[in-house]
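Structure file work.txt (compact mmCIF, C-alpha atoms) follows.
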```txt
# COMPACT_ATOMS: atom_id res chain seq x y z
CA MET A 1 -38.53 32.64 35.58
CA THR A 2 -38.28 30.64 38.77
CA ASP A 3 -41.67 28.87 38.69
CA PRO A 4 -41.34 25.08 38.38
CA PRO A 5 -42.04 23.42 35.03
CA THR A 6 -45.66 22.40 34.45
CA GLY A 7 -44.78 18.91 33.25
CA THR A 8 -45.40 19.22 29.51
CA ALA A 9 -42.79 19.97 26.90
CA ARG A 10 -45.09 22.64 25.50
CA ASP A 11 -44.66 24.52 28.77
CA VAL A 12 -41.07 23.61 29.67
CA GLU A 13 -39.21 26.85 30.20
CA VAL A 14 -35.55 27.64 30.59
CA SER A 15 -35.69 28.62 34.25
CA ALA A 16 -33.58 28.09 37.35
CA ALA A 17 -36.21 25.65 38.63
CA THR A 18 -36.00 23.61 35.42
CA VAL A 19 -32.20 23.49 35.53
CA LEU A 20 -32.16 22.49 39.21
CA ALA A 21 -34.65 19.73 38.46
CA LEU A 22 -32.38 18.46 35.67
CA LEU A 23 -29.37 18.49 37.97
CA ASP A 24 -31.26 16.57 40.68
CA THR A 25 -28.80 17.66 43.36
CA GLY A 26 -31.34 17.65 46.19
CA PRO A 27 -32.58 20.51 48.39
CA THR A 28 -29.67 20.32 50.86
CA ALA A 29 -26.86 20.64 48.28
CA SER A 30 -24.63 23.69 48.66
CA ARG A 31 -24.45 26.29 45.93
CA GLU A 32 -20.91 25.18 45.04
CA ALA A 33 -22.03 21.54 44.83
CA VAL A 34 -24.88 22.53 42.53
CA LEU A 35 -22.51 24.46 40.26
CA ARG A 36 -19.99 21.62 40.27
CA THR A 37 -22.73 19.25 39.11
CA ALA A 38 -23.90 21.75 36.49
CA ARG A 39 -20.36 21.89 35.05
CA ASP A 40 -20.18 18.12 34.75
CA GLY A 41 -20.16 16.65 31.24
CA ARG A 42 -23.41 14.86 32.00
CA HIS A 43 -25.16 18.24 32.17
CA LYS A 44 -23.15 21.19 30.74
CA LEU A 45 -25.59 23.63 32.35
CA ALA A 46 -23.30 25.87 34.41
CA ALA A 47 -23.43 28.81 31.99
CA THR A 48 -27.21 28.57 31.80
CA LEU A 49 -27.64 28.38 35.57
CA LEU A 50 -25.29 31.29 36.28
CA SER A 51 -26.99 33.48 33.70
CA LEU A 52 -30.42 32.56 35.10
CA TRP A 53 -29.30 33.51 38.60
CA ALA A 54 -27.99 36.81 37.26
CA GLU A 55 -31.23 37.49 35.35
CA ASP A 56 -33.23 36.67 38.48
CA GLY A 57 -31.27 39.29 40.40
CA GLU A 58 -29.26 36.90 42.56
CA ALA A 59 -25.86 38.16 43.62
CA LEU A 60 -22.99 36.19 42.09
CA THR A 61 -19.64 35.73 43.76
CA GLU A 62 -16.53 37.17 42.12
CA ALA A 63 -15.56 33.70 40.85
CA GLU A 64 -19.07 33.06 39.48
CA THR A 65 -19.09 36.44 37.75
CA ALA A 66 -15.73 35.67 36.13
CA GLU A 67 -16.95 32.24 35.01
CA LEU A 68 -20.09 33.72 33.48
CA ARG A 69 -18.03 36.41 31.74
CA LEU A 70 -15.81 33.73 30.15
CA HIS A 71 -18.88 31.94 28.83
CA ARG A 72 -20.30 35.17 27.40
CA GLU A 73 -16.99 36.06 25.75
CA ARG A 74 -16.83 32.59 24.17
CA VAL A 75 -20.35 32.92 22.79
CA ASP A 76 -19.59 36.43 21.48
CA HIS A 77 -16.39 35.18 19.84
CA TYR A 78 -18.23 32.39 18.04
CA ARG A 79 -20.91 34.84 16.95
CA ASP A 80 -18.21 37.00 15.34
CA VAL A 81 -16.59 33.96 13.69
CA TRP A 82 -19.93 32.84 12.29
CA SER A 83 -20.58 36.30 10.87
CA ARG A 84 -17.34 36.09 8.90
CA LEU A 85 -17.96 32.53 7.74
CA ARG A 86 -21.46 33.40 6.55
CA THR A 87 -19.95 36.21 4.47
CA ALA A 88 -17.31 33.86 3.04
CA ALA A 89 -19.86 31.12 2.23
CA PRO A 90 -23.46 32.40 2.14
CA GLY A 91 -24.76 28.88 1.56
CA ALA A 92 -23.31 27.54 4.82
CA SER A 93 -25.52 27.04 7.87
CA LEU A 94 -25.16 26.42 11.59
CA LEU A 95 -26.03 23.15 13.27
CA LYS A 96 -27.17 23.16 16.91
CA GLY A 97 -25.15 25.70 18.92
CA MET A 98 -26.40 29.20 18.28
CA THR A 99 -29.51 27.90 16.49
CA ILE A 100 -30.68 26.27 19.71
CA ALA A 101 -29.38 29.15 21.85
CA SER A 102 -31.78 31.49 20.00
CA LEU A 103 -34.64 29.58 21.64
CA TYR A 104 -33.39 30.46 25.14
CA PRO A 105 -34.86 33.57 26.82
CA PRO A 106 -33.02 36.89 26.27
CA GLY A 107 -30.03 37.18 28.57
CA VAL A 108 -29.95 33.45 29.33
CA LEU A 109 -26.84 31.69 28.08
CA ARG A 110 -26.34 28.34 26.44
CA ALA A 111 -22.66 27.34 26.69
CA ALA A 112 -20.76 27.12 23.41
CA GLY A 113 -18.20 24.32 23.22
CA ASP A 114 -17.58 24.62 19.50
CA LEU A 115 -19.14 25.82 16.26
CA ASP A 116 -20.53 23.30 13.77
CA VAL A 117 -20.94 24.62 10.23
CA VAL A 118 -22.67 22.62 7.50
CA CYS A 119 -21.39 23.41 4.01
CA PRO A 120 -23.64 22.33 1.12
CA GLY A 121 -20.67 21.71 -1.18
CA HIS A 122 -16.90 21.44 -1.31
CA GLU A 123 -16.42 25.04 -2.47
CA ASP A 124 -18.30 26.35 0.56
CA LEU A 125 -16.07 24.28 2.83
CA TRP A 126 -12.89 25.58 1.17
CA SER A 127 -14.14 29.17 1.45
CA CYS A 128 -14.82 28.77 5.17
CA ALA A 129 -11.50 26.98 5.69
CA HIS A 130 -9.56 29.76 3.98
CA GLU A 131 -11.34 32.38 6.10
CA LEU A 132 -10.36 30.55 9.29
CA ALA A 133 -6.78 29.89 8.19
CA SER A 134 -6.31 33.53 7.19
CA THR A 135 -7.27 34.66 10.69
CA GLY A 136 -4.89 32.38 12.57
CA TRP A 137 -6.93 29.21 13.07
CA GLU A 138 -4.98 25.96 12.75
CA LEU A 139 -6.29 22.91 10.93
CA ALA A 140 -6.62 20.12 13.49
CA ALA A 141 -8.21 17.32 11.47
CA PHE A 142 -9.31 16.42 7.95
CA THR A 143 -11.61 13.55 7.01
CA VAL A 144 -12.98 12.05 3.81
CA SER A 145 -16.12 9.93 3.95
CA PRO A 146 -18.00 8.05 1.23
CA ALA A 147 -21.23 9.67 0.09
CA ARG A 148 -24.51 7.79 0.05
CA THR A 149 -26.81 7.38 -2.93
CA GLY A 150 -28.56 10.65 -3.68
CA ASP A 151 -26.17 12.86 -1.71
CA SER A 152 -25.27 16.23 -3.21
CA VAL A 153 -21.49 15.63 -3.16
CA PRO A 154 -19.41 12.70 -4.45
CA LEU A 155 -17.45 12.54 -1.17
CA HIS A 156 -18.19 14.06 2.21
CA LEU A 157 -15.48 16.17 3.79
CA GLY A 158 -14.79 17.35 7.31
CA ALA A 159 -12.23 19.91 8.46
CA GLU A 160 -11.76 20.92 12.09
CA PHE A 161 -9.96 24.08 13.10
CA ARG A 162 -8.76 25.18 16.53
CA SER A 163 -7.58 28.41 18.07
CA PRO A 164 -6.34 29.10 21.61
CA ALA A 165 -8.90 30.57 23.98
CA PRO A 166 -7.83 33.25 26.46
CA GLU A 167 -6.79 32.21 29.95
CA PRO A 168 -8.11 30.79 32.18
CA SER A 169 -10.35 28.90 29.74
CA PRO A 170 -9.09 25.29 29.53
CA ASP A 171 -10.68 24.56 26.15
CA PRO A 172 -9.51 25.97 22.81
CA TYR A 173 -11.98 27.44 20.37
CA ALA A 174 -13.04 24.87 17.79
CA VAL A 175 -14.89 25.10 14.47
CA GLY A 176 -16.00 22.05 12.52
CA LEU A 177 -16.76 22.34 8.80
CA PHE A 178 -18.77 19.44 7.35
CA THR A 179 -20.60 18.64 4.13
CA ALA A 180 -22.92 16.26 6.03
CA GLU A 181 -25.00 16.90 9.12
CA ILE A 182 -24.42 13.56 10.87
CA VAL A 183 -20.88 12.15 11.10
CA THR A 184 -21.15 10.59 14.53
CA GLU A 185 -20.75 6.97 13.45
CA VAL A 186 -17.13 6.95 12.29
CA ARG A 187 -17.32 3.31 11.14
CA ALA A 188 -19.86 4.13 8.43
CA PRO A 189 -20.45 6.83 5.81
CA ALA A 190 -21.73 10.22 6.96
CA TRP A 191 -25.42 11.07 6.74
CA GLN A 192 -26.64 13.99 4.70
CA LEU A 193 -30.11 15.08 5.82
CA SER A 194 -32.91 16.75 3.87
CA ARG A 195 -31.67 19.01 1.08
CA PRO A 196 -32.80 21.66 0.70
CA SER A 197 -33.69 21.84 4.37
CA ARG A 198 -36.95 23.64 5.09
CA SER A 199 -36.52 23.44 8.86
CA PRO A 200 -33.18 24.19 10.56
CA LEU A 201 -34.82 23.24 13.86
CA ALA A 202 -35.67 19.77 12.58
CA LEU A 203 -32.04 19.30 11.48
CA CYS A 204 -30.87 20.32 14.95
CA ALA A 205 -33.31 17.89 16.58
CA VAL A 206 -32.03 14.97 14.49
CA ALA A 207 -28.41 15.98 15.18
CA LEU A 208 -29.16 16.05 18.92
CA VAL A 209 -30.70 12.58 18.77
CA ALA A 210 -27.65 11.37 16.82
CA GLU A 211 -25.38 12.36 19.72
CA ARG A 212 -26.53 9.14 21.38
CA TRP A 213 -24.36 7.20 18.94
CA GLU A 214 -21.36 8.65 20.74
CA ARG A 215 -22.44 9.17 24.37
CA PRO A 216 -25.44 9.11 26.73
CA PHE A 217 -27.81 12.04 26.47
CA ARG A 218 -26.89 15.01 28.63
CA SER A 219 -29.60 16.72 30.61
CA ARG A 220 -29.04 19.80 28.42
CA ASP A 221 -29.77 17.66 25.35
CA LEU A 222 -33.20 16.89 26.75
CA LEU A 223 -33.94 20.54 27.49
CA ASP A 224 -32.75 21.54 24.01
CA LEU A 225 -34.83 18.83 22.35
CA ALA A 226 -37.95 19.89 24.27
CA LEU A 227 -37.47 23.46 23.06
CA LEU A 228 -36.83 22.40 19.46
CA LEU A 229 -39.93 20.21 19.35
CA HIS A 230 -42.01 23.02 20.82
CA HIS A 231 -41.01 25.35 17.97
CA LEU A 232 -41.41 22.86 15.09
CA ASP A 233 -44.16 23.65 12.59
CA ASP A 234 -45.94 20.99 10.52
CA MET A 235 -43.28 21.11 7.80
CA GLY A 236 -40.59 20.69 10.44
CA VAL A 237 -42.34 17.67 11.91
CA ARG A 238 -42.50 16.04 8.48
CA GLN A 239 -38.80 16.72 7.92
CA LEU A 240 -38.00 15.36 11.39
CA ARG A 241 -39.73 12.07 10.58
CA THR A 242 -38.11 11.86 7.14
CA ASP A 243 -34.61 12.35 8.52
CA LEU A 244 -35.09 10.00 11.48
CA ALA A 245 -36.25 7.36 9.03
CA ARG A 246 -33.32 8.05 6.69
CA THR A 247 -30.74 7.70 9.47
CA GLY A 248 -32.50 4.89 11.34
CA LEU A 249 -32.31 6.83 14.61
CA TRP A 250 -35.58 5.49 15.98
CA PRO A 251 -34.02 3.71 19.01
CA GLU A 252 -32.27 6.95 20.04
CA TRP A 253 -35.42 8.98 19.44
CA ARG A 254 -37.43 6.70 21.67
CA GLU A 255 -34.74 6.77 24.36
CA ALA A 256 -34.74 10.57 24.33
CA LEU A 257 -38.52 10.69 24.71
CA ARG A 258 -38.42 8.14 27.54
CA SER A 259 -35.82 10.27 29.32
CA MET A 260 -38.06 13.31 28.92
CA ALA A 261 -41.02 11.35 30.24
CA ARG A 262 -39.06 10.45 33.38
CA LEU A 263 -38.71 14.19 33.98
CA GLY A 264 -42.48 14.54 33.77
CA TRP A 265 -42.37 16.19 30.36
CA ARG A 266 -44.80 15.30 27.58
CA PRO A 267 -43.18 15.99 24.18
CA ALA A 268 -44.78 18.63 21.99
CA VAL A 269 -44.20 16.26 19.03
CA THR A 270 -44.94 12.56 19.00
CA LEU A 271 -44.53 10.30 16.00
CA PRO A 272 -46.62 7.19 15.34
CA ARG A 273 -45.42 3.59 15.00
CA THR A 274 -41.88 4.25 16.24
CA ARG A 275 -41.62 1.05 18.29
CA ALA A 276 -41.73 -1.19 15.23
CA ALA A 277 -39.38 1.20 13.41
CA ALA A 278 -36.90 1.00 16.30
CA VAL A 279 -36.95 -2.80 16.22
CA ARG A 280 -36.29 -2.80 12.48
CA ALA A 281 -33.48 -0.26 12.90
CA ARG A 282 -31.75 -2.40 15.53
CA LEU A 283 -32.00 -5.52 13.39
CA LEU A 284 -30.61 -3.66 10.39
CA ARG A 285 -27.72 -2.30 12.46
CA ALA A 286 -26.88 -5.75 13.75
CA ALA A 287 -26.85 -7.11 10.21
CA ARG A 288 -24.65 -4.26 9.00
CA ALA A 289 -22.24 -4.65 11.92
CA ALA A 290 -21.96 -8.37 11.26
CA ALA A 291 -21.26 -7.68 7.60
CA ARG A 292 -18.60 -5.11 8.47
CA TRP A 293 -16.78 -7.32 10.95
CA SER A 294 -16.99 -10.40 8.76
CA SER A 295 -15.52 -8.55 5.77
CA PRO A 296 -11.81 -9.21 5.17
CA VAL A 297 -11.64 -5.68 3.73
CA ARG A 298 -13.41 -3.75 6.46
CA ALA A 299 -12.54 -5.67 9.64
CA PRO A 300 -8.81 -4.73 9.72
CA ALA A 301 -9.69 -1.07 9.15
CA LEU A 302 -12.22 -1.13 12.00
CA ILE A 303 -9.56 -2.50 14.35
CA ALA A 304 -7.07 0.05 13.06
CA GLN A 305 -9.39 2.90 13.98
CA ALA A 306 -8.67 2.24 17.64
CA GLY A 307 -5.09 3.33 17.00
CA ILE A 308 -6.21 6.83 16.01
CA GLU A 309 -7.09 7.67 19.60
CA GLY A 310 -4.06 5.89 21.02
CA GLU A 311 -5.99 2.74 21.91
CA GLY A 312 -5.71 -0.81 20.67
CA GLY A 313 -1.94 -1.02 21.13
CA ARG A 314 0.10 -3.31 18.93
CA LEU A 315 -3.00 -5.02 17.49
CA ALA A 316 -4.31 -1.71 16.13
CA GLU A 317 -0.91 -0.94 14.59
CA LEU A 318 -0.75 -4.35 12.89
CA ALA A 319 -4.31 -3.91 11.62
CA SER A 320 -3.39 -0.45 10.30
CA ASP A 321 -0.43 -1.95 8.43
CA LEU A 322 -2.64 -4.64 6.92
CA ALA A 323 -5.39 -2.19 5.95
CA HIS A 324 -2.98 0.26 4.39
CA ARG A 325 -0.49 -2.05 2.72
CA GLY A 326 -2.54 -5.14 2.00
CA ILE A 327 -5.94 -3.63 1.21
CA GLY A 328 -5.34 -0.03 0.30
CA ALA A 329 -7.11 3.20 1.22
CA ARG A 330 -8.98 3.54 -2.07
CA ARG A 331 -10.50 0.10 -1.64
CA LEU A 332 -11.49 0.94 1.94
CA LEU A 333 -13.19 4.13 0.79
CA GLY A 334 -15.05 2.14 -1.85
CA ALA A 335 -16.14 -0.29 0.87
CA GLY A 336 -17.89 2.56 2.70
CA LEU A 337 -15.33 3.45 5.36
CA PRO A 338 -14.28 7.00 6.26
CA LEU A 339 -10.59 7.86 5.98
CA PHE A 340 -8.55 10.29 8.05
CA GLY A 341 -5.94 12.69 6.76
CA VAL A 342 -2.34 13.06 7.91
CA PRO A 343 -0.73 16.23 6.47
CA VAL A 344 1.89 15.61 3.79
CA ASP A 345 2.59 19.15 2.63
CA GLY A 346 0.94 22.56 2.52
CA ARG A 347 0.85 23.00 -1.26
CA PRO A 348 -2.73 23.85 -2.23
CA ALA A 349 -4.57 22.24 -5.13
CA GLU A 350 -7.34 23.91 -7.07
CA ARG A 351 -9.93 21.38 -5.97
CA LEU A 352 -10.21 17.98 -4.28
CA ARG A 353 -8.37 15.22 -6.12
CA LEU A 354 -7.51 11.73 -4.90
CA ASP A 355 -4.15 10.54 -6.25
CA ASP A 356 -2.66 7.07 -6.05
CA VAL A 357 0.97 7.63 -5.03
CA GLY A 358 2.66 4.27 -5.06
CA ARG A 359 0.60 2.15 -2.67
CA HIS A 360 -0.82 5.23 -0.91
CA LEU A 361 -3.89 7.40 -1.48
CA VAL A 362 -3.24 11.13 -1.19
CA ALA A 363 -5.94 13.80 -1.09
CA ARG A 364 -4.85 16.97 -2.91
CA THR A 365 -6.95 19.83 -1.57
CA PRO A 366 -6.96 23.64 -1.37
CA LEU A 367 -5.71 23.10 2.20
CA GLY A 368 -2.69 21.03 1.13
CA SER A 369 -2.07 17.31 0.65
CA PHE A 370 -3.09 14.58 3.08
CA LEU A 371 -2.18 10.92 3.28
CA LEU A 372 -5.49 9.10 3.76
CA VAL A 373 -5.45 6.28 6.31
CA SER A 374 -7.87 4.20 8.35
CA GLY A 375 -5.69 4.15 11.46
CA ALA A 376 -2.33 5.30 12.75
CA ALA A 377 0.19 6.07 10.00
CA ARG A 378 3.89 5.26 9.85
CA ARG A 379 6.37 8.04 9.22
CA GLU A 380 7.77 6.09 6.27
CA TRP A 381 4.34 6.20 4.57
CA LEU A 382 4.40 9.97 4.83
CA ASP A 383 7.90 10.08 3.37
CA GLU A 384 6.83 7.83 0.50
CA ALA A 385 3.72 9.92 -0.19
CA ALA A 386 5.82 13.09 -0.22
CA GLY A 387 8.45 11.45 -2.41
CA GLY A 388 6.08 10.30 -5.13
CA GLY A 389 5.79 6.73 -3.84
CA GLN A 390 9.51 6.04 -3.45
CA ALA A 391 10.62 4.63 -0.10
CA ALA A 392 12.71 6.96 2.02
CA GLY A 393 15.30 5.84 4.54
CA GLY A 394 17.24 2.63 4.80
CA PRO A 395 16.06 -0.82 5.88
CA GLY A 396 16.96 -0.09 9.48
CA THR A 397 14.70 2.96 9.75
CA GLU A 398 12.72 2.86 12.97
CA PRO A 399 8.99 3.17 12.19
CA VAL A 400 7.25 6.08 13.91
CA VAL A 401 3.48 6.00 14.29
CA LEU A 402 1.50 9.16 13.64
CA ARG A 403 -2.17 9.64 14.36
CA PRO A 404 -4.32 11.49 11.82
CA GLY A 405 -4.79 15.21 12.45
CA GLY A 406 -2.61 18.23 12.87
CA GLY A 407 -2.55 21.25 10.63
CA ARG A 408 1.17 21.42 9.87
CA ALA A 409 3.23 19.25 7.61
CA PRO A 410 4.96 16.49 9.63
CA GLU A 411 8.39 18.07 9.51
CA GLU A 412 7.05 21.12 11.32
CA HIS A 413 5.97 19.13 14.35
CA GLY A 414 8.40 19.19 17.20
CA ALA A 415 7.37 15.71 18.38
CA ASP A 416 7.45 12.34 16.69
CA ARG A 417 3.72 11.86 17.01
CA ALA A 418 0.75 13.86 15.80
CA THR A 419 -1.74 13.28 18.54
CA THR A 420 -4.66 15.42 17.41
CA GLU A 421 -8.05 13.75 17.15
CA PRO A 422 -9.02 12.39 13.74
CA GLY A 423 -11.94 14.60 12.91
CA SER A 424 -15.06 14.83 14.80
CA THR A 425 -17.39 12.08 15.53
CA SER A 426 -20.38 14.19 15.03
CA ALA A 427 -21.08 17.49 13.49
CA GLY A 428 -21.04 19.13 16.85
CA SER A 429 -20.49 16.55 19.49
CA GLY A 430 -19.48 19.22 21.93
CA THR A 431 -21.81 21.99 20.87
```

In structure tokens, how does this file's structure come out?
Amino acid sequence: MTDPPTGTARDVEVSAATVLALLDTGPTASREAVLRTARDGRHKLAATLLSLWAEDGEALTEAETAELRLHRERVDHYRDVWSRLRTAAPGASLLKGMTIASLYPPGVLRAAGDLDVVCPGHEDLWSCAHELASTGWELAAFTVSPARTGDSVPLHLGAEFRSPAPEPSPDPYAVGLFTAEIVTEVRAPAWQLSRPSRSPLALCAVALVAERWERPFRSRDLLDLALLLHHLDDMGVRQLRTDLARTGLWPEWREALRSMARLGWRPAVTLPRTRAAAVRARLLRAARAAARWSSPVRAPALIAQAGIEGEGGRLAELASDLAHRGIGARRLLGAGLPLFGVPVDGRPAERLRLDDVGRHLVARTPLGSFLLVSGAARREWLDEAAGGGQAAGGPGTEPVVLRPGGGRAPEEHGADRATTEPGSTSAGSGT
């Protein structure tokens, strides 16, 4: 387990030597400094390193043992949650997370930030959502995204649930339910990959590459990708190429392989003619971005999105007002932009229905009703949506901005703002 990697992805192993090489802390770094680096978001390898040390027979300190135990308990908890979700929706599948963890050696841990579940249809998503809600999970975000030509659903949905983790863990448990595998690029429709999928490992590889839309590759991403490519069969390689071509992820694919090459790894899978494909993908993205920002329909909504995460200030609020009042959420959805849900009430509908309520668009769902917006929402919009489109409050009512997210109806919140995130950027950005 402790021999150094041989330099080819076919032979890359999950070993202490491999992890230390990824961390690049230097031979004189203290054990605590190495662990501190491993915990960093650029790596996320602390759980793996601690479990490798334990498997290699190294004595762990009391604090290290406690940290490793927390990681194991988190993984075990997610394994139990997934077992229940699979029973509730047999057609659902996991993306990344435990699928990749199964490629690690027995006893060696891959940290679990969250659980990403891909639901082939709306009914599967509702079944999983009801299972989570019935066991105390709270809805943290709801999103609606336009479907692309040929997708299996008319609209893509995302629902994120959270549950407190035991002390001293700083991060809550999180489960994301999605009808599309790639939802990283929030300014464009989600991407549904090959259906039916014949290679879960190929789906995970594409999802890993797609993380680059949101952030730089972590060192763990590179290790995971090397393992996934090593285990791909011929059918998986064909699906990998098909889905990379569908999503236009060639620049990110090439960047990942260059990063692996700098580590001295030769990928177990190489694909031909990717340089020209990457150039075409970049040109197409530039053209699409120019079209989005030059559109009088889409540009205000793109600016308004900054207000969801508390950024953009007054400009984002003005853009949100323009997008919502002047353009309208239904028109934005038709223009290919995702919308984010702010809870209106908890009354369940039989199935998804989009209702025009006055000037607002309200999603009626089995999880309750949501006002659909492109940015921060005003309290008065929520009141109007709940009141059938009629304005509530007098002309002097002070507007209160709410950010999409939050599982309770607005009146149940103790604060004036709902500050939960709007629904994941990627199926599994933290997995």

TODO: Just give me the gap between CA of Arg275 in chain A and CA of Arg241 in chain A in Å, one decimal is fine.
DONE: 13.6 Å

- [ ] Could you give me, as a PyMOL selection string, the residues within 7 Å of range 349-353 of chain A, counting only C-alpha atoms and dropping anything in the same chain fewer than 3 positions from it?
- [x] chain A and resi 363-366+368

Writer output for current selection, C-alpha atoms, as a PDB file, keeping the file's coordinate frame:
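Everything below was put into part.pdb:
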```
ATOM      1  CA  ALA A 363      -5.940  13.800  -1.090  1.00  0.00           C
ATOM      2  CA  ARG A 364      -4.850  16.970  -2.910  1.00  0.00           C
ATOM      3  CA  THR A 365      -6.950  19.830  -1.570  1.00  0.00           C
ATOM      4  CA  PRO A 366      -6.960  23.640  -1.370  1.00  0.00           C
ATOM      5  CA  GLY A 368      -2.690  21.030   1.130  1.00  0.00           C
TER       6      GLY A 368
END
```

As a CSV table (one decimal) with C-alpha atoms, keeping the file's coordinate frame, please: the residues near range 52-56 of chain A (cut-off 9 Å, all atoms listed in the file, same-chain neighbours under 5 positions excluded).
```
chain,number,residue,atom,x,y,z
A,1,MET,CA,-38.5,32.6,35.6
A,2,THR,CA,-38.3,30.6,38.8
A,14,VAL,CA,-35.6,27.6,30.6
A,15,SER,CA,-35.7,28.6,34.2
A,16,ALA,CA,-33.6,28.1,37.4
A,47,ALA,CA,-23.4,28.8,32.0
A,65,THR,CA,-19.1,36.4,37.8
A,107,GLY,CA,-30.0,37.2,28.6
A,108,VAL,CA,-30.0,33.4,29.3
A,109,LEU,CA,-26.8,31.7,28.1
```

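Among the candidate residues A:Pro272, A:Gly57, A:Pro146, A:Pro120, the one lying nearest to Leu333 in chain A is A:Pro146, with distances computed using all atoms listed in the file.
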
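With only C-alpha atoms as the atoms that count, the minimum distance from Asp221 in chain A to the choices A:Met260, A:Ala92, A:Val186, A:Arg36 is reached by A:Met260.
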
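Computed from the coordinates, the CA of Phe142 in chain A to CA of Ser163 in chain A distance equals 15.8 Å.
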
Open item on the list: Between CA of Gly336 in chain A and CA of Arg292 in chain A, what distance in Å does the model show, to one decimal?
Closed with: 9.6 Å

Task: Neighbour list for Val34 in chain A as an MDAnalysis selection string, cut-off 10 Å, only C-alpha atoms, skip fewer than 6 positions in-chain - done: chainID A and resid 20 23:28 46 49

TODO: With a distance cut-off of 10 Å and only C-alpha atoms, select the neighbouring residues of Ala165 in chain A, excluding the residue or stretch itself and same-chain residues fewer than 6 positions from it, and output the selection as a ChimeraX atom specification.
DONE: /A:70,73-74,77,171-174

Open item on the list: Which residues are close to Ala301 in chain A, i.e. within 8 Å by all atoms listed in the file, leaving aside same-chain residues fewer than 6 positions away? Reply as a PyMOL selection string.
Closed with: chain A and resi 319-320+323+332+374-375

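When all atoms listed in the file are used to compute distances to Leu354 in chain A, the closest of the residues A:Ala159, A:Leu337, A:Leu203, A:Val144 turns out to be A:Val144.
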
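Restricting the calculation to only C-alpha atoms, the smallest distance between Pro189 in chain A and any of A:Leu139, A:Leu339, A:Ala278, A:Val81 is found for A:Leu339.
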
Task: Among the residues A:Ile308, A:His71, A:Thr270, A:Asp355, the one that comes closest to Pro170 in chain A [using all atoms listed in the file] - done: A:His71

Padding 6 Å on every side, please: axis-aligned box over the listed atoms of range 352-363 of chain A, centre and edge lengths to one decimal in Å, as AutoDock Vina command-line options.
```
--center_x -3.8 --center_y 10.1 --center_z -3.6 --size_x 24.9 --size_y 27.8 --size_z 17.3
```

- [ ] Name the closest residue to Ala205 in chain A among the candidates A:Ile100, A:Pro300, A:Arg39, A:Ala141; distances are taken between atoms, counting all atoms listed in the file.
- [x] A:Ile100
